[in-house]
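Below is model_34.txt, holding compact mmCIF, C-alpha atoms.
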# COMPACT_ATOMS: atom_id res chain seq x y z
CA MET F 1074 18.09 -13.55 -0.89
CA GLU F 1075 17.56 -16.64 -3.05
CA GLY F 1076 17.01 -19.83 -1.08
CA PHE F 1077 16.81 -20.48 2.66
CA THR F 1078 18.16 -17.57 4.75
CA PRO F 1079 17.59 -18.66 8.36
CA PHE F 1080 19.75 -16.11 10.17
CA ALA F 1081 18.40 -13.06 8.32
CA GLY F 1082 14.89 -14.47 8.69
CA LEU F 1083 15.17 -14.92 12.46
CA SER F 1084 16.80 -11.54 13.11
CA GLY F 1085 14.35 -9.73 10.81
CA GLY F 1086 11.52 -11.50 12.62
CA VAL F 1087 12.82 -10.29 15.99
CA LEU F 1088 12.83 -6.71 14.65
CA ILE F 1089 9.22 -7.06 13.47
CA GLY F 1090 8.26 -8.40 16.91
CA LEU F 1091 10.15 -5.57 18.66
CA ALA F 1092 8.30 -3.00 16.53
CA ALA F 1093 5.01 -4.49 17.74
CA VAL F 1094 6.21 -4.36 21.36
CA MET F 1095 7.32 -0.72 20.93
CA LEU F 1096 3.99 0.34 19.47
CA LEU F 1097 1.95 -1.33 22.21
CA ALA F 1098 4.19 -0.06 25.03
CA LEU F 1099 4.25 3.51 23.75
CA THR F 1100 0.87 4.09 22.09
CA GLY F 1101 -1.24 1.19 23.35
CA ARG F 1102 -2.05 0.07 19.80
CA ILE F 1103 -1.68 -3.26 18.03
CA ALA F 1104 0.78 -3.22 15.11
CA GLY F 1105 -1.52 -4.54 12.41
CA VAL F 1106 -0.58 -2.99 9.09
CA SER F 1107 -3.97 -3.48 7.37
CA GLY F 1108 -5.74 -1.78 10.27
CA ILE F 1109 -3.17 1.02 10.36
CA LEU F 1110 -3.51 1.56 6.60
CA SER F 1111 -7.30 1.57 6.86
CA ASN F 1112 -7.18 4.17 9.64
CA ALA F 1113 -4.72 6.23 7.59
CA ILE F 1114 -6.87 6.38 4.46
CA HIS F 1115 -10.11 7.11 6.33
CA ALA F 1116 -8.96 10.57 7.36
CA GLY F 1117 -9.91 11.09 10.98
CA SER F 1118 -8.30 11.44 14.36
CA GLY F 1119 -5.04 9.51 14.46
CA SER F 1120 -4.72 9.40 10.67
CA ALA F 1121 -1.50 11.46 10.63
CA GLU F 1122 0.19 9.11 13.11
CA ARG F 1123 -0.71 6.12 10.93
CA TRP F 1124 0.86 7.82 7.91
CA LEU F 1125 4.04 8.31 9.97
CA PHE F 1126 4.09 4.56 10.69
CA LEU F 1127 3.63 3.75 6.99
CA ALA F 1128 6.39 6.21 6.03
CA GLY F 1129 8.53 4.52 8.67
CA LEU F 1130 8.00 1.14 6.97
CA VAL F 1131 9.56 2.50 3.78
CA ALA F 1132 12.27 4.44 5.64
CA GLY F 1133 13.24 1.42 7.74
CA ALA F 1134 13.48 -0.81 4.68
CA LEU F 1135 15.57 1.83 2.87
CA LEU F 1136 17.78 2.16 5.95
CA HIS F 1137 18.45 -1.58 6.05
CA GLN F 1138 19.26 -1.70 2.34
CA TRP F 1139 21.50 1.36 2.60
CA LEU F 1140 23.38 0.11 5.67
CA THR F 1141 24.00 -3.36 4.27
CA GLY F 1142 24.35 -2.38 0.61
CA VAL F 1143 21.98 -5.20 -0.33
CA GLN F 1144 20.17 -4.81 -3.65
CA LEU F 1145 16.80 -6.49 -3.71
CA PRO F 1146 15.59 -7.83 -7.05
CA VAL F 1147 12.83 -5.90 -8.85
CA ARG F 1148 10.00 -8.07 -10.11
CA THR F 1149 7.77 -7.05 -13.02
CA LEU F 1150 4.62 -9.10 -12.68
CA ASP F 1151 1.86 -8.18 -15.18
CA TRP F 1152 -0.66 -5.71 -13.75
CA PRO F 1153 -3.78 -7.93 -13.75
CA TYR F 1154 -2.15 -10.22 -11.15
CA LEU F 1155 -1.19 -7.21 -9.03
CA VAL F 1156 -4.64 -5.63 -9.28
CA GLY F 1157 -6.48 -8.90 -8.57
CA GLY F 1158 -4.18 -9.75 -5.67
CA GLY F 1159 -4.37 -6.22 -4.26
CA LEU F 1160 -8.19 -6.09 -4.36
CA LEU F 1161 -8.44 -9.47 -2.59
CA VAL F 1162 -5.82 -8.55 0.03
CA GLY F 1163 -7.47 -5.18 0.75
CA PHE F 1164 -11.03 -6.53 0.88
CA GLY F 1165 -10.10 -9.74 2.71
CA THR F 1166 -8.03 -8.08 5.44
CA ARG F 1167 -10.84 -5.62 6.24
CA LEU F 1168 -13.49 -8.35 6.24
CA GLY F 1169 -11.30 -10.64 8.36
CA GLY F 1170 -10.12 -7.82 10.63
CA GLY F 1171 -6.38 -8.23 10.11
CA CYS F 1172 -3.45 -9.50 8.11
CA THR F 1173 -0.11 -11.20 8.64
CA SER F 1174 0.96 -8.67 11.27
CA GLY F 1175 -2.24 -8.03 13.22
CA HIS F 1176 -3.50 -11.63 13.27
CA GLY F 1177 -0.31 -13.55 12.42
CA VAL F 1178 2.11 -11.78 14.77
CA CYS F 1179 0.28 -9.75 17.45
CA GLY F 1180 -2.85 -11.91 17.64
CA ILE F 1181 -1.02 -15.22 17.97
CA ALA F 1182 1.34 -13.64 20.53
CA ARG F 1183 -1.81 -12.82 22.55
CA PHE F 1184 -3.18 -16.37 22.05
CA SER F 1185 -6.30 -14.91 20.38
CA PRO F 1186 -8.46 -17.75 19.00
CA ARG F 1187 -9.73 -15.49 16.17
CA SER F 1188 -6.18 -14.71 15.11
CA ILE F 1189 -5.07 -18.34 15.22
CA VAL F 1190 -8.03 -19.35 13.03
CA ALA F 1191 -7.41 -16.42 10.65
CA THR F 1192 -3.69 -17.22 10.33
CA VAL F 1193 -4.25 -20.93 9.65
CA THR F 1194 -6.90 -19.94 7.08
CA PHE F 1195 -4.85 -17.41 5.11
CA MET F 1196 -1.71 -19.58 5.21
CA THR F 1197 -3.65 -22.58 3.90
CA CYS F 1198 -5.40 -20.51 1.21
CA GLY F 1199 -2.09 -18.95 0.17
CA ILE F 1200 -0.46 -22.37 -0.22
CA VAL F 1201 -3.43 -23.82 -2.13
CA THR F 1202 -3.60 -20.73 -4.36
CA VAL F 1203 0.09 -20.94 -5.28
CA PHE F 1204 -0.26 -24.64 -6.03
CA ILE F 1205 -3.24 -24.05 -8.33
CA THR F 1206 -1.93 -20.92 -10.06
CA ARG F 1207 1.66 -22.00 -10.54
CA HIS F 1208 1.42 -25.74 -11.02
CA LEU F 1209 -2.04 -26.29 -12.52
CA LEU F 1210 -2.70 -23.02 -14.38
CA GLY F 1211 0.93 -22.18 -15.12
CA TRP F 1212 0.67 -18.52 -14.05
CA PRO F 1213 4.00 -16.65 -14.17
CA THR F 1214 3.79 -15.40 -10.55
CA MET B 1424 13.13 38.47 36.77
CA ARG B 1425 12.70 38.79 33.09
CA ASP B 1426 15.37 36.17 32.43
CA ARG B 1427 13.94 33.78 34.95
CA HIS B 1428 10.52 34.08 33.42
CA SER B 1429 11.73 33.58 29.89
CA ILE B 1430 13.62 30.45 30.95
CA TYR B 1431 10.53 29.05 32.63
CA TYR B 1432 8.42 29.93 29.65
CA SER B 1433 10.71 28.36 27.10
CA SER B 1434 11.22 25.13 29.06
CA PHE B 1435 7.48 24.83 29.62
CA ALA B 1436 6.76 25.31 25.94
CA GLY B 1437 9.53 22.82 25.08
CA LEU B 1438 8.01 20.16 27.29
CA ALA B 1439 4.55 20.73 25.86
CA ASP B 1440 5.94 20.40 22.34
CA VAL B 1441 7.74 17.16 23.19
CA LYS B 1442 4.54 15.73 24.66
CA LYS B 1443 2.68 16.69 21.51
CA ILE B 1444 5.07 15.11 19.04
CA ALA B 1445 6.12 12.08 21.13
CA PRO B 1446 3.26 9.79 19.99
CA GLY B 1447 3.95 10.63 16.34
CA LEU B 1448 7.62 9.84 16.84
CA ALA B 1449 6.66 6.54 18.48
CA TRP B 1450 4.51 5.56 15.47
CA LEU B 1451 7.35 6.56 13.12
CA ALA B 1452 10.02 4.70 15.12
CA SER B 1453 7.91 1.55 15.30
CA GLY B 1454 7.38 1.74 11.54
CA VAL B 1455 11.12 2.14 10.93
CA VAL B 1456 11.98 -0.93 13.03
CA PHE B 1457 9.15 -2.91 11.39
CA GLY B 1458 10.30 -1.90 7.89
CA ALA B 1459 13.92 -2.77 8.65
CA GLY B 1460 12.75 -6.17 9.87
CA LEU B 1461 10.71 -6.79 6.72
CA SER B 1462 13.70 -5.89 4.54
CA LEU B 1463 16.28 -7.84 6.57
CA SER B 1464 14.08 -10.95 6.71
CA GLY B 1465 13.61 -10.89 2.93
CA MET B 1466 9.83 -10.77 3.31
CA ILE B 1467 9.80 -7.55 1.30
CA SER B 1468 10.47 -9.71 -1.80
CA PRO B 1469 7.26 -11.29 -3.14
CA ARG B 1470 9.32 -14.04 -4.79
CA LYS B 1471 10.63 -15.14 -1.41
CA VAL B 1472 7.15 -15.13 0.12
CA LEU B 1473 5.78 -17.14 -2.82
CA ALA B 1474 8.72 -19.55 -2.49
CA PHE B 1475 7.43 -20.29 1.02
CA LEU B 1476 3.84 -20.75 -0.14
CA ASP B 1477 5.00 -22.95 -3.05
CA VAL B 1478 5.37 -26.23 -1.16
CA ALA B 1479 5.43 -28.20 -4.42
CA GLY B 1480 8.19 -26.10 -5.94
CA ARG B 1481 11.60 -25.08 -4.61
CA TRP B 1482 10.31 -24.59 -1.08
CA ASP B 1483 11.95 -21.86 1.01
CA PRO B 1484 11.02 -22.18 4.72
CA THR B 1485 12.42 -18.76 5.68
CA LEU B 1486 8.95 -17.21 6.26
CA LEU B 1487 8.29 -19.80 8.95
CA LEU B 1488 11.33 -18.64 10.93
CA VAL B 1489 10.41 -14.98 10.43
CA MET B 1490 6.93 -15.65 11.81
CA ALA B 1491 8.30 -17.71 14.71
CA ALA B 1492 10.72 -14.97 15.80
CA ALA B 1493 8.16 -12.22 15.18
CA VAL B 1494 5.57 -14.04 17.32
CA LEU B 1495 7.86 -15.16 20.14
CA THR B 1496 9.23 -11.65 20.78
CA PRO B 1497 5.86 -10.07 21.69
CA MET B 1498 4.67 -13.33 23.26
CA ILE B 1499 7.43 -12.80 25.83
CA ALA B 1500 7.35 -9.00 26.01
CA PHE B 1501 3.62 -8.16 25.85
CA ARG B 1502 3.03 -9.49 29.38
CA PHE B 1503 5.57 -7.03 30.79
CA VAL B 1504 4.12 -4.19 28.74
CA LEU B 1505 0.57 -4.98 29.87
CA ARG B 1506 1.55 -5.02 33.54
CA ARG B 1507 1.33 -1.24 33.39
CA ASP B 1508 -2.08 0.40 33.69
CA ASN B 1509 -1.55 2.46 30.57
CA PRO B 1510 0.92 2.84 27.70
CA LEU B 1511 3.75 5.36 28.12
CA LEU B 1512 2.36 7.95 25.68
CA ALA B 1513 -1.40 7.32 25.72
CA SER B 1514 -4.22 6.99 28.23
CA LYS B 1515 -5.12 3.35 27.63
CA PHE B 1516 -4.39 0.13 25.77
CA HIS B 1517 -6.60 -0.67 22.79
CA LEU B 1518 -6.74 -4.45 22.53
CA PRO B 1519 -9.20 -6.52 20.50
CA THR B 1520 -11.56 -8.32 22.85
CA ARG B 1521 -13.66 -10.45 20.48
CA ARG B 1522 -13.13 -14.18 20.83
CA ASP B 1523 -16.01 -15.52 18.72
CA LEU B 1524 -15.41 -17.07 15.31
CA ASP B 1525 -17.62 -15.98 12.45
CA ILE B 1526 -17.94 -16.25 8.69
CA SER B 1527 -16.46 -12.77 8.08
CA LEU B 1528 -13.28 -13.73 9.90
CA VAL B 1529 -12.78 -16.99 8.04
CA GLY B 1530 -14.05 -15.71 4.68
CA GLY B 1531 -11.98 -12.54 4.90
CA ALA B 1532 -8.85 -14.45 5.87
CA ALA B 1533 -9.48 -16.89 2.99
CA LEU B 1534 -9.82 -14.10 0.40
CA PHE B 1535 -6.74 -12.41 1.81
CA GLY B 1536 -4.82 -15.70 1.51
CA VAL B 1537 -5.83 -16.08 -2.14
CA GLY B 1538 -4.70 -12.53 -2.96
CA TRP B 1539 -1.47 -13.12 -1.05
CA GLY B 1540 -0.85 -16.28 -3.07
CA VAL B 1541 -1.51 -14.51 -6.38
CA ALA B 1542 0.69 -11.43 -5.90
CA GLY B 1543 3.04 -12.42 -3.06
CA TYR B 1544 2.34 -9.24 -1.07
CA CYS B 1545 0.55 -8.76 2.20
CA PRO B 1546 -0.06 -5.18 3.44
CA GLY B 1547 3.22 -4.55 5.35
CA PRO B 1548 5.65 -5.76 2.68
CA ALA B 1549 3.55 -4.13 -0.08
CA ILE B 1550 4.20 -0.73 1.50
CA ALA B 1551 7.80 -1.40 2.52
CA ALA B 1552 8.45 -2.55 -1.07
CA PHE B 1553 8.33 1.11 -2.15
CA SER B 1554 11.97 1.01 -0.99
CA VAL B 1555 12.78 -1.42 -3.82
CA ASP B 1556 10.58 -0.39 -6.73
CA LEU B 1557 7.68 1.91 -7.58
CA ARG B 1558 5.68 0.04 -10.22
CA GLU B 1559 4.58 -3.11 -8.36
CA PRO B 1560 3.90 -1.51 -4.95
CA ALA B 1561 1.97 1.34 -6.61
CA ILE B 1562 -0.30 -0.92 -8.70
CA PHE B 1563 -0.80 -3.47 -5.91
CA GLY B 1564 -1.14 -0.76 -3.23
CA LEU B 1565 -3.77 1.17 -5.16
CA ALA B 1566 -5.84 -1.96 -5.73
CA MET B 1567 -5.41 -2.89 -2.05
CA VAL B 1568 -6.71 0.52 -0.93
CA VAL B 1569 -9.71 0.18 -3.26
CA GLY B 1570 -10.37 -3.28 -1.80
CA MET B 1571 -10.18 -1.81 1.71
CA PHE B 1572 -12.70 0.92 0.88
CA ILE B 1573 -15.07 -1.76 -0.44
CA GLY B 1574 -14.49 -3.91 2.65
CA ASP B 1575 -14.93 -0.99 5.04
CA ARG B 1576 -18.13 0.40 3.54
CA PRO B 1577 -21.00 0.16 5.99
CA GLY B 1578 -23.72 -2.47 5.54
Can I see the file as structure tokens?
Amino acid sequence: MEGFTPFAGLSGGVLIGLAAVMLLALTGRIAGVSGILSNAIHAGSGSAERWLFLAGLVAGALLHQWLTGVQLPVRTLDWPYLVGGGLLVGFGTRLGGGCTSGHGVCGIARFSPRSIVATVTFMTCGIVTVFITRHLLGWPT
Amino acid sequence: MRDRHSIYYSSFAGLADVKKIAPGLAWLASGVVFGAGLSLSGMISPRKVLAFLDVAGRWDPTLLLVMAAAVLTPMIAFRFVLRRDNPLLASKFHLPTRRDLDISLVGGAALFGVGWGVAGYCPGPAIAAFSVDLREPAIFGLAMVVGMFIGDRPG
């Protein structure tokens, strides 16, 4: 998994895209994980189905790792980085109405101007943030 | 007569049950394929995601290919899906219709990008990462859920 892995990246990307196609074709919903998680935690109608999707995310990842025997490295980043990052990701995706899947995959596939703007914005901010934290502040991320 | 009735009854009940659980199975199946894709592509590893965002370090362009393949697939397939009047297991399609740009969209996406750059997780991989480890996904996931509750509160 270290370094450039173009074939795994492309085939994994096709699977992610197929999952979005499946969900729209079968349930009529957009596969945006932040929206699905938000609907899951605000218990209401459709909450149980969202939890099934989230359980599927873990099961699918386990299935891939079990079938291929690949062992992914465990990282142990200090908790303040995880808490700070998690708060920003949770708050930001709700404020911006989507994340990498809803805006970045489904939205761009639908040529949504909001999603294109959101994706360019979070990509740029992610790159700038990593530059500042890793190279200027020397954070161990 | 009795046999005929019981056969009718059981097949009717069976069909009703299938109709009831089919949407749940569809959500689960979509999640499984999505999770497998996240794991296969390597995007489940925050180091690999950060290696893409770190253009001044040892840059790993894999995420770009993942995104390209993940976007192109529905870009081609959504048009066929949306030719139908309704999805296979529900009464209608729920598609976002807003096209205006506003400060919440840009500000929210910006904050999300900063958090992504700090921890290396976005929502999908953060959950799928429970397949690799408990500590990081649990701490990050809990904070993410708290952030969502703050972001979702009315007003």
Please report, as a Markdown table, each residue of chain F lying at most 6 Å from chain B, together with the nearest pair of atoms and the separation in Å rounded to one decimal; use all atoms listed in the file, and order rows by chain and ascending residue number.
| residue | atom | partner | partner_atom | distance |
| --- | --- | --- | --- | --- |
| F:Gly1076 | CA | B:Asp1483 | CA | 5.8 |
| F:Phe1077 | CA | B:Asp1483 | CA | 5.3 |
| F:Thr1078 | CA | B:Thr1485 | CA | 5.9 |
| F:Pro1079 | CA | B:Thr1485 | CA | 5.8 |
| F:Ala1081 | CA | B:Ser1464 | CA | 5.1 |
| F:Gly1082 | CA | B:Ser1464 | CA | 4.1 |
| F:Leu1083 | CA | B:Val1489 | CA | 5.2 |
| F:Gly1085 | CA | B:Gly1460 | CA | 4.0 |
| F:Gly1086 | CA | B:Val1489 | CA | 4.3 |
| F:Val1087 | CA | B:Ala1493 | CA | 5.1 |
| F:Leu1088 | CA | B:Gly1460 | CA | 4.8 |
| F:Ile1089 | CA | B:Phe1457 | CA | 4.6 |
| F:Gly1090 | CA | B:Ala1493 | CA | 4.2 |
| F:Ala1092 | CA | B:Ser1453 | CA | 4.7 |
| F:Val1094 | CA | B:Pro1497 | CA | 5.7 |
| F:Leu1096 | CA | B:Ser1453 | CA | 5.8 |
| F:Ala1098 | CA | B:Pro1510 | CA | 5.1 |
| F:Leu1099 | CA | B:Leu1511 | CA | 4.8 |
| F:Thr1100 | CA | B:Ala1513 | CA | 5.4 |
| F:Gly1101 | CA | B:Phe1516 | CA | 4.1 |
| F:Arg1102 | CA | B:His1517 | CA | 5.5 |
| F:Val1106 | CA | B:Gly1547 | CA | 5.6 |
| F:Ser1107 | CA | B:Pro1546 | CA | 5.8 |
| F:Glu1122 | CA | B:Gly1447 | CA | 5.2 |
| F:Leu1125 | CA | B:Leu1451 | CA | 4.9 |
| F:Phe1126 | CA | B:Gly1454 | CA | 4.4 |
| F:Gly1129 | CA | B:Gly1454 | CA | 4.2 |
| F:Leu1130 | CA | B:Gly1458 | CA | 3.9 |
| F:Val1131 | CA | B:Ala1551 | CA | 4.5 |
| F:Ala1132 | CA | B:Val1455 | CA | 5.9 |
| F:Gly1133 | CA | B:Val1455 | CA | 3.9 |
| F:Ala1134 | CA | B:Ala1459 | CA | 4.4 |
| F:Leu1135 | CA | B:Ser1554 | CA | 5.3 |
| F:His1137 | CA | B:Ala1459 | CA | 5.4 |
| F:Leu1155 | CA | B:Phe1563 | CA | 4.9 |
| F:Val1156 | CA | B:Ala1566 | CA | 5.2 |
| F:Gly1158 | CA | B:Gly1538 | CA | 3.9 |
| F:Gly1159 | CA | B:Met1567 | CA | 4.1 |
| F:Leu1160 | CA | B:Gly1570 | CA | 4.4 |
| F:Leu1161 | CA | B:Gly1538 | CA | 4.8 |
| F:Val1162 | CA | B:Phe1535 | CA | 4.3 |
| F:Gly1163 | CA | B:Met1567 | CA | 4.2 |
| F:Phe1164 | CA | B:Gly1570 | CA | 4.3 |
| F:Gly1165 | CA | B:Gly1531 | CA | 4.0 |
| F:Thr1166 | CA | B:Phe1535 | CA | 5.8 |
| F:Arg1167 | CA | B:Gly1574 | CA | 5.4 |
| F:Leu1168 | CA | B:Gly1531 | CA | 4.7 |
| F:Gly1169 | CA | B:Leu1528 | CA | 4.0 |
| F:Val1178 | CA | B:Val1494 | CA | 4.9 |
| F:Ala1182 | CA | B:Met1498 | CA | 4.3 |
| F:Arg1187 | CA | B:Arg1522 | CA | 5.9 |
| F:Ala1191 | CA | B:Ala1532 | CA | 5.4 |
| F:Thr1194 | CA | B:Ala1533 | CA | 5.7 |
| F:Phe1195 | CA | B:Gly1536 | CA | 4.0 |
| F:Cys1198 | CA | B:Gly1536 | CA | 4.9 |
| F:Gly1199 | CA | B:Gly1540 | CA | 4.4 |
| F:Ile1200 | CA | B:Leu1476 | CA | 4.6 |
| F:Thr1202 | CA | B:Gly1540 | CA | 5.4 |
| F:Val1203 | CA | B:Gly1540 | CA | 5.2 |
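Shortest separation to Gly1108 of chain F among F:Pro1213, F:Gly1170, F:Pro1186, F:Gly1180 occurs at residue F:Gly1170, atoms counted being only C-alpha atoms.
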Centre and edges of the segment 1507-1522 of chain B box, axis-aligned, 8 Å extra per side, as AutoDock Vina command-line options:
--center_x -5.0 --center_y -3.1 --center_z 27.1 --size_x 33.4 --size_y 38.1 --size_z 29.2
*Which value, in Å to one decimal, gives the distance between atom CA of Phe1080 of chain F and atom CA of Val1193 of chain F?*
24.5 Å
_Point-to-point distance from atom CA of Val1441 of chain B to atom CA of Met1095 of chain F, Å rounded to tenths_ =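 For atom CA of Val1441 of chain B relative to atom CA of Met1095 of chain F, the distance reads 18.0 Å.
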